[in-house]
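Q: Enclosed is the structure file entry_22.csv (CSV, C-alpha atoms).
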chain,number,residue,atom,x,y,z
A,1,MET,CA,-10.9,0.2,1.0
A,2,ASP,CA,-12.8,0.3,4.3
A,3,LEU,CA,-10.5,-2.4,5.8
A,4,ALA,CA,-7.4,-0.5,4.5
A,5,MET,CA,-8.8,2.7,6.2
A,6,GLU,CA,-9.2,0.8,9.5
A,7,GLU,CA,-5.6,-0.3,9.3
A,8,ALA,CA,-4.6,3.4,8.5
A,9,ILE,CA,-6.5,4.6,11.6
A,10,ALA,CA,-4.9,1.9,13.7
A,11,ALA,CA,-1.5,3.0,12.4
A,12,ALA,CA,-2.2,6.6,13.4
A,13,ALA,CA,-3.1,5.4,16.9
A,14,ARG,CA,0.4,3.8,17.1
A,15,ASP,CA,1.9,7.2,16.0
A,16,GLU,CA,2.7,5.7,12.6
A,17,VAL,CA,2.0,7.5,9.3
A,18,PRO,CA,-1.6,6.5,8.7
A,19,VAL,CA,-1.4,4.1,5.8
A,20,GLY,CA,-3.2,0.8,5.5
A,21,ALA,CA,-3.2,-2.0,3.0
A,22,VAL,CA,-5.2,-5.1,2.2
A,23,VAL,CA,-4.4,-8.0,-0.1
A,24,SER,CA,-7.4,-9.9,-1.4
A,25,ARG,CA,-8.4,-12.4,-4.0
A,26,GLY,CA,-12.0,-11.9,-5.1
A,27,SER,CA,-14.0,-11.3,-1.9
A,28,THR,CA,-11.5,-13.1,0.3
A,29,VAL,CA,-9.1,-11.0,2.4
A,30,ILE,CA,-5.7,-12.7,2.6
A,31,ALA,CA,-3.7,-10.1,4.5
A,32,GLN,CA,-4.0,-6.6,5.9
A,33,ALA,CA,-1.6,-4.3,7.6
A,34,GLY,CA,-0.8,-0.8,8.6
A,35,ASN,CA,2.5,1.1,8.7
A,36,ARG,CA,4.9,-0.1,11.4
A,37,THR,CA,8.2,1.6,10.5
A,38,ARG,CA,8.6,3.3,13.9
A,39,GLU,CA,7.3,0.3,16.0
A,40,LEU,CA,9.6,-2.2,14.2
A,41,ASN,CA,12.5,0.3,13.6
A,42,ASP,CA,12.3,-0.9,10.0
A,43,PRO,CA,12.2,1.5,7.1
A,44,THR,CA,10.7,-1.2,4.9
A,45,ALA,CA,7.7,-1.9,7.2
A,46,HIS,CA,5.3,0.0,5.0
A,47,ALA,CA,1.7,-1.2,5.0
A,48,GLU,CA,2.0,-2.6,1.5
A,49,MET,CA,5.2,-4.5,2.2
A,50,LEU,CA,3.8,-6.0,5.4
A,51,ALA,CA,0.6,-7.0,3.7
A,52,ILE,CA,2.4,-8.5,0.7
A,53,ARG,CA,4.8,-10.5,3.0
A,54,GLN,CA,1.9,-11.8,5.1
A,55,ALA,CA,-0.1,-12.8,1.9
A,56,CYS,CA,2.9,-14.6,0.5
A,57,ARG,CA,3.4,-16.5,3.7
A,58,ARG,CA,-0.3,-17.4,3.9
A,59,LEU,CA,-0.5,-18.6,0.3
A,60,GLY,CA,3.0,-20.3,0.4
A,61,THR,CA,4.2,-18.5,-2.7
A,62,GLU,CA,6.2,-15.5,-3.8
A,63,ARG,CA,3.7,-14.6,-6.5
A,64,LEU,CA,0.3,-13.1,-5.7
A,65,THR,CA,-1.1,-13.7,-9.2
A,66,GLY,CA,-4.9,-13.0,-9.2
A,67,CYS,CA,-4.6,-10.9,-6.0
A,68,ASP,CA,-5.5,-7.3,-5.6
A,69,LEU,CA,-3.9,-4.7,-3.3
A,70,THR,CA,-5.9,-1.9,-1.8
A,71,VAL,CA,-4.0,0.9,-0.1
A,72,THR,CA,-4.9,4.3,1.3
A,73,LEU,CA,-1.9,6.1,-0.2
A,74,GLU,CA,-0.1,5.9,-3.5
A,75,PRO,CA,2.7,3.5,-3.2
A,76,CYS,CA,6.4,4.6,-3.0
A,77,PRO,CA,9.1,3.3,-5.3
A,78,MET,CA,10.0,0.4,-2.9
A,79,CYS,CA,6.4,-0.7,-2.6
A,80,ALA,CA,5.7,-0.3,-6.3
A,81,GLY,CA,8.7,-2.6,-6.9
A,82,ALA,CA,7.3,-5.2,-4.5
A,83,ILE,CA,3.9,-5.0,-6.1
A,84,SER,CA,5.5,-5.7,-9.5
A,85,PHE,CA,7.6,-8.6,-8.3
A,86,ALA,CA,4.7,-10.1,-6.4
A,87,ARG,CA,2.6,-9.9,-9.7
A,88,ILE,CA,-0.3,-8.2,-8.0
A,89,GLY,CA,-3.2,-8.1,-10.6
A,90,ARG,CA,-4.9,-4.8,-9.6
A,91,LEU,CA,-3.8,-1.9,-7.4
A,92,TYR,CA,-6.4,0.3,-5.8
A,93,PHE,CA,-5.4,3.4,-3.9
A,94,ALA,CA,-7.1,6.3,-2.3
A,95,THR,CA,-4.8,9.4,-2.2
A,96,ASP,CA,-2.0,10.3,-4.6
A,97,ASP,CA,1.4,11.3,-3.1
A,98,PRO,CA,3.1,14.0,-5.2
A,99,LYS,CA,6.1,13.9,-2.9
A,100,GLY,CA,6.7,10.2,-2.4
A,101,GLY,CA,4.5,8.3,-4.8
A,102,ALA,CA,5.8,6.2,-7.7
A,103,VAL,CA,2.6,5.2,-9.5
A,104,GLU,CA,1.0,8.4,-10.9
A,105,ASN,CA,3.8,10.7,-9.5
A,106,GLY,CA,7.6,10.6,-9.3
A,107,VAL,CA,9.3,7.8,-11.1
A,108,ARG,CA,6.0,6.2,-12.3
A,109,TYR,CA,7.5,2.8,-11.8
A,110,PHE,CA,4.9,0.8,-13.7
A,111,SER,CA,5.6,2.8,-16.9
A,112,SER,CA,9.4,2.2,-16.6
A,113,PRO,CA,11.0,-0.1,-19.1
A,114,THR,CA,12.7,-1.9,-16.2
A,115,CYS,CA,9.3,-2.9,-14.7
A,116,HIS,CA,8.5,-6.6,-15.4
A,117,HIS,CA,4.9,-6.5,-14.4
A,118,ALA,CA,2.4,-3.7,-14.1
A,119,PRO,CA,-1.0,-4.1,-12.3
A,120,GLU,CA,-4.2,-2.5,-13.4
A,121,ILE,CA,-4.4,0.8,-11.5
A,122,TYR,CA,-7.4,2.4,-10.0
A,123,SER,CA,-6.9,5.6,-8.0
A,124,GLY,CA,-9.0,8.1,-6.1
A,125,ILE,CA,-11.1,5.6,-4.1
A,126,GLN,CA,-12.2,7.3,-0.9
A,127,GLN,CA,-9.6,9.9,-1.6
A,128,SER,CA,-11.1,12.7,0.6
A,129,ARG,CA,-11.3,10.3,3.6
A,130,SER,CA,-7.7,9.2,3.2
A,131,THR,CA,-6.5,12.7,2.6
A,132,ALA,CA,-8.2,14.1,5.7
A,133,LEU,CA,-6.7,11.3,7.8
A,134,LEU,CA,-3.2,12.1,6.6
A,135,GLN,CA,-3.6,15.9,6.8
A,136,GLY,CA,-5.0,15.6,10.3
A,137,PHE,CA,-2.1,13.3,11.4
A,138,PHE,CA,0.6,15.7,10.1
A,139,ALA,CA,-1.2,18.8,11.4
A,140,ALA,CA,-1.1,17.4,14.9
A,141,LYS,CA,2.7,16.9,14.5
A,142,ARG,CA,3.3,20.5,13.7
Represent the structure of the file as structure tokens.
A:
Amino acid sequence: MDLAMEEAIAAAARDEVPVGAVVSRGSTVIAQAGNRTRELNDPTAHAEMLAIRQACRRLGTERLTGCDLTVTLEPCPMCAGAISFARIGRLYFATDDPKGGAVENGVRYFSSPTCHHAPEIYSGIQQSRSTALLQGFFAAKR
């Protein structure tokens, strides 16, 4: 989670919503990214999507079987779909997102009958740190 938090902090420095993600297999980091939606003018450039794309390129496959995804915020429906299609084994996230999340909130994608693969889910890891970063970012915007 520390690497994901570093990516989130870097995203905030770029005036992006501070979310960071890391794809790993065991103790090996395969990819890491922070949000870049504004920088790339791309609504799909969420940290999770960028990290998954990078990991797939590095491994030369569309499936990330045996890989874990660590992210600082509960994934949205788009990212949950990508996690499922990539066959991520475990999802670790820090802060829940009652407004936009799709894992423990909202559509609860992985519980949907249309979901083909659901990872093991672990939430609340460094939650207070991630929440403080997000709240500080948005407070500065107001």
Q: Counting all atoms listed in the file, which residue out of A:Ala47, A:Leu73, A:Leu40, A:Ile9 sits closest to Ala21 of chain A?
A: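 Nearest to Ala21 of chain A: A:Ala47.
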Q: If I put a ball of radius 6 Å at (-2.7, -5.8, -4.3) in the file's coordinates, which residues poke into it when counting all atoms listed in the file, written as a PDB file with C-alpha atoms, in the coordinates of the input?
A:
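The result, stored in point00.pdb:
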ATOM      1  CA  VAL A  23      -4.400  -8.000  -0.100  1.00  0.00           C
ATOM      2  CA  CYS A  67      -4.600 -10.900  -6.000  1.00  0.00           C
ATOM      3  CA  ASP A  68      -5.500  -7.300  -5.600  1.00  0.00           C
ATOM      4  CA  LEU A  69      -3.900  -4.700  -3.300  1.00  0.00           C
ATOM      5  CA  THR A  70      -5.900  -1.900  -1.800  1.00  0.00           C
ATOM      6  CA  ILE A  88      -0.300  -8.200  -8.000  1.00  0.00           C
ATOM      7  CA  ARG A  90      -4.900  -4.800  -9.600  1.00  0.00           C
ATOM      8  CA  LEU A  91      -3.800  -1.900  -7.400  1.00  0.00           C
TER       9      LEU A  91
END
Q: Taking (8.6, -15.9, -12.2) as a centre in this file's frame and 10 Å as the limit, can you find every polymer residue with an atom that close, using all atoms listed in the file, and give them as an NGL selection string?
A: :A and (62-63 or 85-87 or 116)
Q: Please provide as a list in words all residues within 9 Å of Pro77 of chain A, with the sequence filter that same-chain residues fewer than 2 positions apart are discarded (counting all atoms listed in the file).
A: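 Answer for this query is Pro75, Cys79, Ala80, Gly81, Ala82, Gly100, Gly101, Ala102, Val103, Gly106, Val107, Arg108 and Tyr109 of chain A.
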Q: Please indicate the distance in Å from atom CA of Thr28 of chain A to atom CA of Gln127 of chain A, rounded to one decimal place.
A: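 Computing it gives 23.2 Å between the two atoms.
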Q: Determine, counting only C-alpha atoms, which protein, DNA and RNA residues have an atom within 9 Å of an atom of Glu39 of chain A; residues of the same chain fewer than 6 positions away are not included. Present the result as number ranges by chain.
A: A: 14-16
Q: Using all atoms listed in the file, find the one residue out of A:Ala94, A:Ala140, A:Ala10, A:Cys76 that sits nearest to Ser123 of chain A.
A: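 So, comparing all the options, the nearest one is A:Ala94.
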Q: Name the closest residue to Met1 of chain A among the candidates A:Ala13, A:Phe93, A:Pro113, A:Asn41; distances are taken between atoms, counting only C-alpha atoms.
A: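 Closest to Met1 of chain A of all the choices is A:Phe93.
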Q: When you draw a straight line from atom CA of Asp96 of chain A to atom CA of Thr61 of chain A, how long is it in Å?
A: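 Calculated distance between atom CA of Asp96 of chain A and atom CA of Thr61 of chain A is 29.5 Å.
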Q: Step by step: locate segment 11-43 of chain A in the block above, keep N, CA and C atoms, then write the file as a tab-separated table (two decimals), in the first residue's frame.
A:
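To be explicit, this is the file written out as selection_9.tsv:
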chain	number	residue	atom	x	y	z
A	11	ALA	N	-0.09	11.87	-7.88
A	11	ALA	CA	-1.27	12.27	-8.66
A	11	ALA	C	-1.80	13.61	-8.15
A	12	ALA	N	-1.88	13.76	-6.84
A	12	ALA	CA	-2.35	15.02	-6.26
A	12	ALA	C	-1.44	16.18	-6.68
A	13	ALA	N	-0.15	15.93	-6.73
A	13	ALA	CA	0.81	16.97	-7.14
A	13	ALA	C	0.58	17.38	-8.60
A	14	ARG	N	-0.01	16.49	-9.40
A	14	ARG	CA	-0.33	16.80	-10.81
A	14	ARG	C	-1.75	17.36	-10.93
A	15	ASP	N	-2.40	17.64	-9.79
A	15	ASP	CA	-3.77	18.12	-9.72
A	15	ASP	C	-4.77	17.08	-10.21
A	16	GLU	N	-4.42	15.82	-10.00
A	16	GLU	CA	-5.32	14.70	-10.29
A	16	GLU	C	-5.92	14.22	-8.97
A	17	VAL	N	-7.09	13.61	-9.02
A	17	VAL	CA	-7.65	13.01	-7.82
A	17	VAL	C	-6.61	12.01	-7.30
A	18	PRO	N	-6.24	12.11	-6.01
A	18	PRO	CA	-5.13	11.29	-5.50
A	18	PRO	C	-5.48	9.83	-5.28
A	19	VAL	N	-5.36	9.07	-6.34
A	19	VAL	CA	-5.55	7.62	-6.29
A	19	VAL	C	-4.33	6.97	-6.91
A	20	GLY	N	-3.81	5.96	-6.25
A	20	GLY	CA	-2.67	5.21	-6.76
A	20	GLY	C	-2.96	3.73	-6.74
A	21	ALA	N	-2.31	3.00	-7.67
A	21	ALA	CA	-2.53	1.56	-7.78
A	21	ALA	C	-1.22	0.85	-8.09
A	22	VAL	N	-1.11	-0.38	-7.61
A	22	VAL	CA	0.07	-1.21	-7.84
A	22	VAL	C	-0.38	-2.63	-8.17
A	23	VAL	N	0.18	-3.20	-9.23
A	23	VAL	CA	-0.04	-4.61	-9.56
A	23	VAL	C	1.23	-5.35	-9.16
A	24	SER	N	1.06	-6.42	-8.41
A	24	SER	CA	2.21	-7.21	-7.98
A	24	SER	C	1.91	-8.69	-8.09
A	25	ARG	N	2.97	-9.45	-8.12
A	25	ARG	CA	2.87	-10.91	-8.04
A	25	ARG	C	3.86	-11.34	-6.98
A	26	GLY	N	3.33	-11.81	-5.86
A	26	GLY	CA	4.20	-12.09	-4.73
A	26	GLY	C	4.82	-10.78	-4.25
A	27	SER	N	6.12	-10.76	-4.09
A	27	SER	CA	6.79	-9.53	-3.65
A	27	SER	C	7.32	-8.70	-4.81
A	28	THR	N	7.01	-9.10	-6.04
A	28	THR	CA	7.49	-8.39	-7.22
A	28	THR	C	6.45	-7.40	-7.73
A	29	VAL	N	6.84	-6.13	-7.80
A	29	VAL	CA	5.97	-5.10	-8.36
A	29	VAL	C	6.08	-5.17	-9.87
A	30	ILE	N	4.95	-5.30	-10.52
A	30	ILE	CA	4.92	-5.39	-11.99
A	30	ILE	C	4.58	-4.05	-12.61
A	31	ALA	N	3.68	-3.31	-11.97
A	31	ALA	CA	3.27	-2.01	-12.51
A	31	ALA	C	2.73	-1.14	-11.39
A	32	GLN	N	2.85	0.16	-11.58
A	32	GLN	CA	2.27	1.10	-10.63
A	32	GLN	C	1.90	2.36	-11.38
A	33	ALA	N	0.83	3.01	-10.91
A	33	ALA	CA	0.34	4.21	-11.60
A	33	ALA	C	-0.53	5.03	-10.66
A	34	GLY	N	-0.69	6.28	-11.02
A	34	GLY	CA	-1.61	7.17	-10.34
A	34	GLY	C	-2.58	7.72	-11.37
A	35	ASN	N	-3.67	8.28	-10.91
A	35	ASN	CA	-4.66	8.86	-11.83
A	35	ASN	C	-4.01	9.85	-12.79
A	36	ARG	N	-4.45	9.82	-14.04
A	36	ARG	CA	-3.97	10.75	-15.07
A	36	ARG	C	-5.10	11.18	-16.01
A	37	THR	N	-6.32	11.21	-15.50
A	37	THR	CA	-7.46	11.54	-16.36
A	37	THR	C	-7.37	12.95	-16.94
A	38	ARG	N	-6.96	13.90	-16.13
A	38	ARG	CA	-6.86	15.29	-16.60
A	38	ARG	C	-5.65	15.47	-17.52
A	39	GLU	N	-4.53	14.92	-17.11
A	39	GLU	CA	-3.29	15.05	-17.88
A	39	GLU	C	-3.45	14.46	-19.28
A	40	LEU	N	-4.09	13.30	-19.37
A	40	LEU	CA	-4.23	12.61	-20.66
A	40	LEU	C	-5.55	12.92	-21.36
A	41	ASN	N	-6.40	13.73	-20.71
A	41	ASN	CA	-7.74	13.99	-21.26
A	41	ASN	C	-8.43	12.68	-21.61
A	42	ASP	N	-8.42	11.78	-20.64
A	42	ASP	CA	-8.92	10.42	-20.85
A	42	ASP	C	-9.69	9.97	-19.62
A	43	PRO	N	-11.01	9.88	-19.71
A	43	PRO	CA	-11.79	9.48	-18.54
A	43	PRO	C	-11.51	8.05	-18.07
